[in-house]
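One structure is given below, encoded as structure tokens.
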Amino acid sequence: MSWTKLLCSHREVQLIGTLNGGQTFRWTHNKDNDEWIGIFSKTVWKLRQSNDGLQYQVIGSLLSKSNKNNSKKATVAKDVNTELFTSLLEKYFRLDVDLVRYYKEWSEADELFKSAGQQFYGVRMLAQEPVENLFSFICSQNNHISRISSMVEKLCTQYGEEICSHEGTTYFSFPEVQKLCEPKVEAQLRKLGFGYRAKFIQKSAEQIVEWGGEDWFRTLQDMKYKDAKEELMKLHGIGPKVADCICLMSLNHLEALPVDTHVYQIAAQNYLPHLRGKKNVTDKMYMEIGDHFRKLYGDMAGWAHTVLFCADLKKFQQNGKEDESVKPKRRRIK
DNA sequence: TTCATACCTCTATT
DNA sequence: AAATAGAGGTATG
């Protein structure tokens with residue numbers, strides 16, 4: 001199979017910072033050949049980087065325009081598919097955004113960004129699919145990345161659609177909301193170890209379906225950021241932090257700025273000393289921290305903060321051991 | 001309105 | 001070996 005290349009400068013995209021920085025949970029890195037395999041848009045992708053671009057292969061897809069026997073037709077279909085997949089990938093990575101330019105702006109505004117941005121160049125805010133994004137981040141609360149990833153995979157194998165098998169692994173799409181809203185889902189997910197999040201997932205799915213499913217998300221994109229956030233927080237299990245994650249990562253509200261314990265630490269340490277030593281982040285503090293960063297970085301503050309976050313996460317990973325690949329879990333049998 | 005705490009489960013640490 | 005704290009929060013009172 002051949003690679004399709006999207007032209008862009010090396011400093012525009014850094015796959016490890018973008019795909020392994022905690023915004024998405026469905027990409028795995030093969031360290032031997034420096035290739036990535038991941039899933040979005042019902043499609044299994046393989047990615048790699050060269051000096052002048054981002055390259056991809058489609059391993060399998062439920063979107064492909066299939067073609068039967070006629071070889072001329074097959075060639076046409078192949079071109080149509082390439083066009084489709086290239087456009088999907090460009091949108092997913094937001095390749096229309098000139099990130100080098102924004103790094104320059106954010107560096108001029110802030111010394112801390114300047115030093116973080118040098119090492120962590122090319123960290124892009126993906127344009128994810130709202131459904132996957134929302135349910136992944138319901139799983140993220142009180143949780144760590146390796147466990148979040150395994151829970152997301154469970155959702156896909158249980159309720160998603162099979163896309164293809166490749167080198168011994170079967171890949172599944174992220175499930176439709178309709179699949180998650182049935183009452184039995186809660187008990188099933190509890191059995192799979194989702195804990196109290198099981199109820200959040202089933203209930204939220206129910207609400208989303210009731211309010212219009214996919215179409216409801218489209219209305220959230222068209223709203224002002226604050227309104228969209230308010231709407232999201234009506235869902236069971238979605239508070240201010242997860243609502244901001246969804247606004248930022250899949251609803252195109254780039255000023256949304258999720259404040260978790262890490263971001264709180266960064267803010268208290270570097271900018272807002274009066275917030276140091278607090279037990280937990282109150283709503284008021286949450287607002288203050290978000291507004292501080294928005295004032296500093298402007299209308300794409302959420303993207304900028306993700307770069308800081310990424311730097312902080314890496315620092316943590318060097319001390320701790322979070323970076324180890326996910327080991328197969330030993331199931332305790334009773 | 002603002003604040004503290006329980007919550008499922010897994011893991012690293014003691 | 002067994003107990004405990006903490007993990008990229010939220011609902012509840």
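Just so we're on the same page: first chain in the structure tokens is A, next is B, and so on; residues restart at 1 for each chain, and ligands are numbered from 1 in the order they show up.
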
Produce a table with one row for each residue of chain B that has an atom at most 10 Å from any atom of chain C, each row naming the nearest atom pair and its distance in Å at one decimal; use only C-alpha atoms (C1' of nucleotides); arrange rows by chain and rising residue number; format as a tab-separated table.
```
residue	atom	partner	partner_atom	distance
B:DA4	C1'	C:DG13	C1'	9.9
B:DT5	C1'	C:DT12	C1'	9.0
B:DA6	C1'	C:DT12	C1'	9.1
B:DC7	C1'	C:DT10	C1'	9.3
B:DC10	C1'	C:DA7	C1'	9.1
B:DT11	C1'	C:DA7	C1'	8.9
B:DA12	C1'	C:DG6	C1'	9.2
B:DT13	C1'	C:DA5	C1'	8.4
B:DT14	C1'	C:DT4	C1'	8.0
```

Exercise. Residues of chain A within 12 Å of chain B, using only C-alpha atoms (C1' of nucleotides), as a ChimeraX atom specification?
Worked result: /A:139,141-148,150-151,189-199,278-285,320-322,329-332

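The nearest approach to A:Gly60 among the residues A:Asn20, A:Glu162, A:Met233, A:Gly302, with only C-alpha atoms taken into account, belongs to A:Glu162.
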
Enumerate, as a PDB file with N, CA and C atoms, in the first residue's frame, the complete set of residues in stretch 272-317 of chain A that a backbone-based DSSP assignment places in helix (DSSP H, G or I).
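Final output, states_8.pdb:
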```
ATOM      1  N   PRO A 273      -0.806  33.670  42.319  1.00  0.00           N
ATOM      2  CA  PRO A 273      -0.277  33.148  43.591  1.00  0.00           C
ATOM      3  C   PRO A 273      -1.312  33.099  44.724  1.00  0.00           C
ATOM      4  N   HIS A 274      -2.307  33.983  44.669  1.00  0.00           N
ATOM      5  CA  HIS A 274      -3.299  33.960  45.748  1.00  0.00           C
ATOM      6  C   HIS A 274      -4.156  32.692  45.726  1.00  0.00           C
ATOM      7  N   LEU A 275      -4.061  31.901  44.663  1.00  0.00           N
ATOM      8  CA  LEU A 275      -4.860  30.667  44.580  1.00  0.00           C
ATOM      9  C   LEU A 275      -4.088  29.438  45.074  1.00  0.00           C
ATOM     10  N   ASP A 283     -15.994  26.945  41.624  1.00  0.00           N
ATOM     11  CA  ASP A 283     -16.489  27.545  40.384  1.00  0.00           C
ATOM     12  C   ASP A 283     -15.868  28.916  40.137  1.00  0.00           C
ATOM     13  N   LYS A 284     -15.747  29.647  41.206  1.00  0.00           N
ATOM     14  CA  LYS A 284     -15.206  31.007  41.096  1.00  0.00           C
ATOM     15  C   LYS A 284     -13.747  30.982  40.627  1.00  0.00           C
ATOM     16  N   MET A 285     -12.963  30.111  41.267  1.00  0.00           N
ATOM     17  CA  MET A 285     -11.564  29.969  40.853  1.00  0.00           C
ATOM     18  C   MET A 285     -11.481  29.492  39.407  1.00  0.00           C
ATOM     19  N   TYR A 286     -12.350  28.578  39.057  1.00  0.00           N
ATOM     20  CA  TYR A 286     -12.389  28.021  37.707  1.00  0.00           C
ATOM     21  C   TYR A 286     -12.514  29.146  36.679  1.00  0.00           C
ATOM     22  N   MET A 287     -13.472  30.031  36.929  1.00  0.00           N
ATOM     23  CA  MET A 287     -13.696  31.191  36.056  1.00  0.00           C
ATOM     24  C   MET A 287     -12.468  32.082  35.982  1.00  0.00           C
ATOM     25  N   GLU A 288     -11.916  32.345  37.158  1.00  0.00           N
ATOM     26  CA  GLU A 288     -10.777  33.266  37.229  1.00  0.00           C
ATOM     27  C   GLU A 288      -9.588  32.734  36.428  1.00  0.00           C
ATOM     28  N   ILE A 289      -9.333  31.440  36.566  1.00  0.00           N
ATOM     29  CA  ILE A 289      -8.205  30.836  35.856  1.00  0.00           C
ATOM     30  C   ILE A 289      -8.434  30.881  34.340  1.00  0.00           C
ATOM     31  N   GLY A 290      -9.635  30.489  33.922  1.00  0.00           N
ATOM     32  CA  GLY A 290      -9.962  30.525  32.503  1.00  0.00           C
ATOM     33  C   GLY A 290      -9.832  31.922  31.917  1.00  0.00           C
ATOM     34  N   ASP A 291     -10.387  32.876  32.639  1.00  0.00           N
ATOM     35  CA  ASP A 291     -10.350  34.255  32.147  1.00  0.00           C
ATOM     36  C   ASP A 291      -8.929  34.795  32.078  1.00  0.00           C
ATOM     37  N   HIS A 292      -8.118  34.389  33.047  1.00  0.00           N
ATOM     38  CA  HIS A 292      -6.723  34.829  33.019  1.00  0.00           C
ATOM     39  C   HIS A 292      -6.038  34.388  31.724  1.00  0.00           C
ATOM     40  N   PHE A 293      -6.201  33.116  31.402  1.00  0.00           N
ATOM     41  CA  PHE A 293      -5.560  32.599  30.187  1.00  0.00           C
ATOM     42  C   PHE A 293      -6.173  33.198  28.925  1.00  0.00           C
ATOM     43  N   ARG A 294      -7.475  33.442  28.952  1.00  0.00           N
ATOM     44  CA  ARG A 294      -8.111  34.042  27.764  1.00  0.00           C
ATOM     45  C   ARG A 294      -7.586  35.450  27.518  1.00  0.00           C
ATOM     46  N   LYS A 295      -7.348  36.172  28.609  1.00  0.00           N
ATOM     47  CA  LYS A 295      -6.806  37.528  28.487  1.00  0.00           C
ATOM     48  C   LYS A 295      -5.389  37.474  27.933  1.00  0.00           C
ATOM     49  N   LEU A 296      -4.653  36.463  28.376  1.00  0.00           N
ATOM     50  CA  LEU A 296      -3.260  36.314  27.968  1.00  0.00           C
ATOM     51  C   LEU A 296      -3.139  35.901  26.501  1.00  0.00           C
ATOM     52  N   TYR A 297      -3.905  34.901  26.092  1.00  0.00           N
ATOM     53  CA  TYR A 297      -3.707  34.287  24.777  1.00  0.00           C
ATOM     54  C   TYR A 297      -4.738  34.682  23.719  1.00  0.00           C
ATOM     55  N   ALA A 301      -7.395  30.665  23.207  1.00  0.00           N
ATOM     56  CA  ALA A 301      -6.688  30.387  24.464  1.00  0.00           C
ATOM     57  C   ALA A 301      -6.682  28.900  24.821  1.00  0.00           C
ATOM     58  N   GLY A 302      -7.768  28.213  24.491  1.00  0.00           N
ATOM     59  CA  GLY A 302      -7.850  26.791  24.815  1.00  0.00           C
ATOM     60  C   GLY A 302      -6.764  25.989  24.109  1.00  0.00           C
ATOM     61  N   TRP A 303      -6.513  26.330  22.885  1.00  0.00           N
ATOM     62  CA  TRP A 303      -5.437  25.669  22.128  1.00  0.00           C
ATOM     63  C   TRP A 303      -4.093  25.974  22.777  1.00  0.00           C
ATOM     64  N   ALA A 304      -3.844  27.220  23.083  1.00  0.00           N
ATOM     65  CA  ALA A 304      -2.579  27.599  23.715  1.00  0.00           C
ATOM     66  C   ALA A 304      -2.384  26.844  25.032  1.00  0.00           C
ATOM     67  N   HIS A 305      -3.412  26.786  25.819  1.00  0.00           N
ATOM     68  CA  HIS A 305      -3.303  26.126  27.129  1.00  0.00           C
ATOM     69  C   HIS A 305      -2.980  24.639  26.976  1.00  0.00           C
ATOM     70  N   THR A 306      -3.449  24.045  25.881  1.00  0.00           N
ATOM     71  CA  THR A 306      -3.161  22.635  25.640  1.00  0.00           C
ATOM     72  C   THR A 306      -1.662  22.402  25.443  1.00  0.00           C
ATOM     73  N   VAL A 307      -0.986  23.366  24.867  1.00  0.00           N
ATOM     74  CA  VAL A 307       0.459  23.258  24.696  1.00  0.00           C
ATOM     75  C   VAL A 307       1.152  23.289  26.062  1.00  0.00           C
ATOM     76  N   LEU A 308       0.734  24.188  26.923  1.00  0.00           N
ATOM     77  CA  LEU A 308       1.276  24.245  28.284  1.00  0.00           C
ATOM     78  C   LEU A 308       0.998  22.945  29.012  1.00  0.00           C
ATOM     79  N   PHE A 309      -0.206  22.481  28.844  1.00  0.00           N
ATOM     80  CA  PHE A 309      -0.631  21.262  29.496  1.00  0.00           C
ATOM     81  C   PHE A 309       0.235  20.091  29.068  1.00  0.00           C
ATOM     82  N   CYS A 310       0.492  20.045  27.783  1.00  0.00           N
ATOM     83  CA  CYS A 310       1.301  18.988  27.198  1.00  0.00           C
ATOM     84  C   CYS A 310       2.704  19.000  27.786  1.00  0.00           C
ATOM     85  N   ALA A 311       3.270  20.175  27.921  1.00  0.00           N
ATOM     86  CA  ALA A 311       4.603  20.321  28.506  1.00  0.00           C
ATOM     87  C   ALA A 311       4.592  19.831  29.950  1.00  0.00           C
ATOM     88  N   ASP A 312       3.550  20.193  30.674  1.00  0.00           N
ATOM     89  CA  ASP A 312       3.423  19.802  32.071  1.00  0.00           C
ATOM     90  C   ASP A 312       3.262  18.292  32.210  1.00  0.00           C
ATOM     91  N   LEU A 313       2.477  17.726  31.316  1.00  0.00           N
ATOM     92  CA  LEU A 313       2.226  16.287  31.324  1.00  0.00           C
ATOM     93  C   LEU A 313       3.525  15.526  31.071  1.00  0.00           C
ATOM     94  N   LYS A 314       4.306  16.002  30.121  1.00  0.00           N
ATOM     95  CA  LYS A 314       5.563  15.348  29.787  1.00  0.00           C
ATOM     96  C   LYS A 314       6.532  15.403  30.961  1.00  0.00           C
ATOM     97  N   LYS A 315       6.544  16.538  31.628  1.00  0.00           N
ATOM     98  CA  LYS A 315       7.415  16.698  32.791  1.00  0.00           C
ATOM     99  C   LYS A 315       7.046  15.641  33.825  1.00  0.00           C
ATOM    100  N   PHE A 316       5.740  15.505  34.010  1.00  0.00           N
ATOM    101  CA  PHE A 316       5.213  14.528  34.953  1.00  0.00           C
ATOM    102  C   PHE A 316       5.596  13.112  34.533  1.00  0.00           C
ATOM    103  N   GLN A 317       5.498  12.868  33.234  1.00  0.00           N
ATOM    104  CA  GLN A 317       5.783  11.528  32.730  1.00  0.00           C
ATOM    105  C   GLN A 317       7.252  11.156  32.894  1.00  0.00           C
TER     106      GLN A 317
END
```

For this session: Please measure the separation of atom CA of A:Cys8 and atom CA of A:Tyr103, giving the value in Å to one decimal.
Result: 15.8 Å

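Nearest to chain C of all the residues A:Val177, A:Ile37, A:Ile138, A:Ala74 is A:Ile138, based on only C-alpha atoms (C1' of nucleotides).
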
Exercise. Which distance in Å separates atom CA of A:Glu214 and atom CA of A:Ala187, to one decimal?
Worked result: 24.8 Å
